[in-house]
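Student: Here it is, the structure in full.
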Amino acid sequence: MEQKLGLVLEGGAMRGLYTAGVLDAFLESGIHVDGVIGVSAGTVHGVSYLSGQHGRSIRYYEKYRSDKRFMGLYPLLTTGDIVDKQFCYHDIPWELDPFDDDAFQASGVPFYVTCTNVETGKAEYIRCDSMRKGDNMEYLRAGASMPLVSRIVEVGGKKLLDGGVADSIPLGAFRRMGYRKNIVVLTRAAGYRKKPAAILPFKMMYHDYPEFVNAMAHRHEVYNAELAAVEQGVADGDVFVLRPSVDLEVSRTEHSVKKLRELYELGRADTLSRLGELRRFCAK
């Protein structure tokens, strides 16, 4: 059986700048994979990796994080979403810091966005081969739309939100798709385990979607089990993990551009320091 190499990208909102650093180090070092699956911020940075646009993620985060339309109370109050749809998913990628969709398509690497189906509470893994065609940008947005502070995204006949609710680390999904070896990029330092969330706000806001509320109630159990599967994969030799070597305490909605740059540089440094190990893993 073909030993396909997958790349699994955890989310984490602003903590995803660690992933951006990792992926830029991949581009610098010529690290290639056979498929990419991402969650939330992982997908946002994953597309720039496949389009070969080194530095794009950190560049536009540094330039636009302080813009009131990027993320925060202003877009939440004016649009119902903590991230402004027009600014972040149209103005930036197509006008202000253009995304190279032609290069993304030319890569030929299968790319999957993980979303949570609000009606079923289950994960959906949606393959996107272009960000300009069809509803693919909406799927990307849906997969990164955090519960409680984002409106449900209705696309493709489905109601979708942040993929991290149902499947934060989709290693199992990629294994089922045939990816036998996987690089997993996590945005939490070693030793982290997720704690139960306060479920009352979800019951109040999503009372019409009990399966989604149930998925949120058990999210910590699923996440911690997925971490255990990742660690077992490392022990078995079919998973290579990159995760922050130190906890820089960057929040999901971090405002400090300095902290975001530090997290990005940590991702680059962690990857480059283990480049020999990574190359051996990819080659075996």
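Labels used: A, B, ... for chains in the order of the structure tokens, numbers from 1 for residues in each chain, and numbers from 1 for ligands as shown.
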Taking only segment 9-180 of chain A into account, list the residues labelled strand (DSSP E) by DSSP (computed from the backbone), as a PyMOL selection string.

Tutor: chain A and resi 9+35-39+111-117+123-127+153-155+158-162+179-180

Student: Hey, what does DSSP flag as alpha helix (DSSP H) within segment 40-248 of chain A? Can you give it to me as a PyMOL selection string?

Tutor: chain A and resi 41-50+56-64+73-79+85-86+101-106+136-143+171-176+200-205+210-217+219-236

Student: Where does segment 32-130 of chain A meet segment 200-223 of chain A within 9 Å, residue by residue, with the nearest atom pair and distance in Å to one decimal for each, counting only C-alpha atoms, listed by chain and rising number, as JSON lines?

Tutor:
{"residue": "A:Thr116", "atom": "CA", "partner": "A:Phe212", "partner_atom": "CA", "distance": 8.1}
{"residue": "A:Asn117", "atom": "CA", "partner": "A:Phe212", "partner_atom": "CA", "distance": 7.6}
{"residue": "A:Val118", "atom": "CA", "partner": "A:Phe212", "partner_atom": "CA", "distance": 5.2}
{"residue": "A:Glu119", "atom": "CA", "partner": "A:Tyr209", "partner_atom": "CA", "distance": 5.6}
{"residue": "A:Thr120", "atom": "CA", "partner": "A:Glu211", "partner_atom": "CA", "distance": 5.5}
{"residue": "A:Gly121", "atom": "CA", "partner": "A:Phe212", "partner_atom": "CA", "distance": 4.2}
{"residue": "A:Lys122", "atom": "CA", "partner": "A:Ala215", "partner_atom": "CA", "distance": 7.6}

Student: Save the residues we just selected, N, CA and C atoms, as a PDB file, in the first residue's frame?

Tutor:
ATOM      1  N   THR A 116     -17.728  21.715  11.624  1.00  0.00           N
ATOM      2  CA  THR A 116     -18.691  20.988  12.447  1.00  0.00           C
ATOM      3  C   THR A 116     -20.091  21.271  11.938  1.00  0.00           C
ATOM      4  N   ASN A 117     -20.825  20.210  11.614  1.00  0.00           N
ATOM      5  CA  ASN A 117     -22.212  20.333  11.195  1.00  0.00           C
ATOM      6  C   ASN A 117     -23.058  20.601  12.434  1.00  0.00           C
ATOM      7  N   VAL A 118     -23.668  21.764  12.494  1.00  0.00           N
ATOM      8  CA  VAL A 118     -24.408  22.174  13.687  1.00  0.00           C
ATOM      9  C   VAL A 118     -25.620  21.275  13.933  1.00  0.00           C
ATOM     10  N   GLU A 119     -26.220  20.757  12.879  1.00  0.00           N
ATOM     11  CA  GLU A 119     -27.419  19.930  13.032  1.00  0.00           C
ATOM     12  C   GLU A 119     -27.095  18.517  13.507  1.00  0.00           C
ATOM     13  N   THR A 120     -25.958  17.975  13.078  1.00  0.00           N
ATOM     14  CA  THR A 120     -25.611  16.602  13.448  1.00  0.00           C
ATOM     15  C   THR A 120     -24.589  16.531  14.580  1.00  0.00           C
ATOM     16  N   GLY A 121     -23.852  17.621  14.794  1.00  0.00           N
ATOM     17  CA  GLY A 121     -22.777  17.608  15.778  1.00  0.00           C
ATOM     18  C   GLY A 121     -21.549  16.845  15.315  1.00  0.00           C
ATOM     19  N   LYS A 122     -21.526  16.452  14.046  1.00  0.00           N
ATOM     20  CA  LYS A 122     -20.420  15.661  13.506  1.00  0.00           C
ATOM     21  C   LYS A 122     -19.497  16.518  12.647  1.00  0.00           C
TER      22      LYS A 122
END

Student: Taking only C-alpha atoms into account, which of A:Val184, A:Ala103, A:Asn224, A:Asp238 comes nearest Arg280 of chain A?

Tutor: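 Of A:Val184, A:Ala103, A:Asn224, A:Asp238, the one nearest Arg280 of chain A is A:Asp238, counting only C-alpha atoms.
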
Student: At a cut-off of 9 Å, using only C-alpha atoms, what residues contact segment 15-19 of chain A? Leave out same-chain residues fewer than 3 positions from it and give the result as a ChimeraX atom specification.

Tutor: /A:9-12,22-24,40-42,44-46,57-58,61,185-188,242-244,249-254,260-268
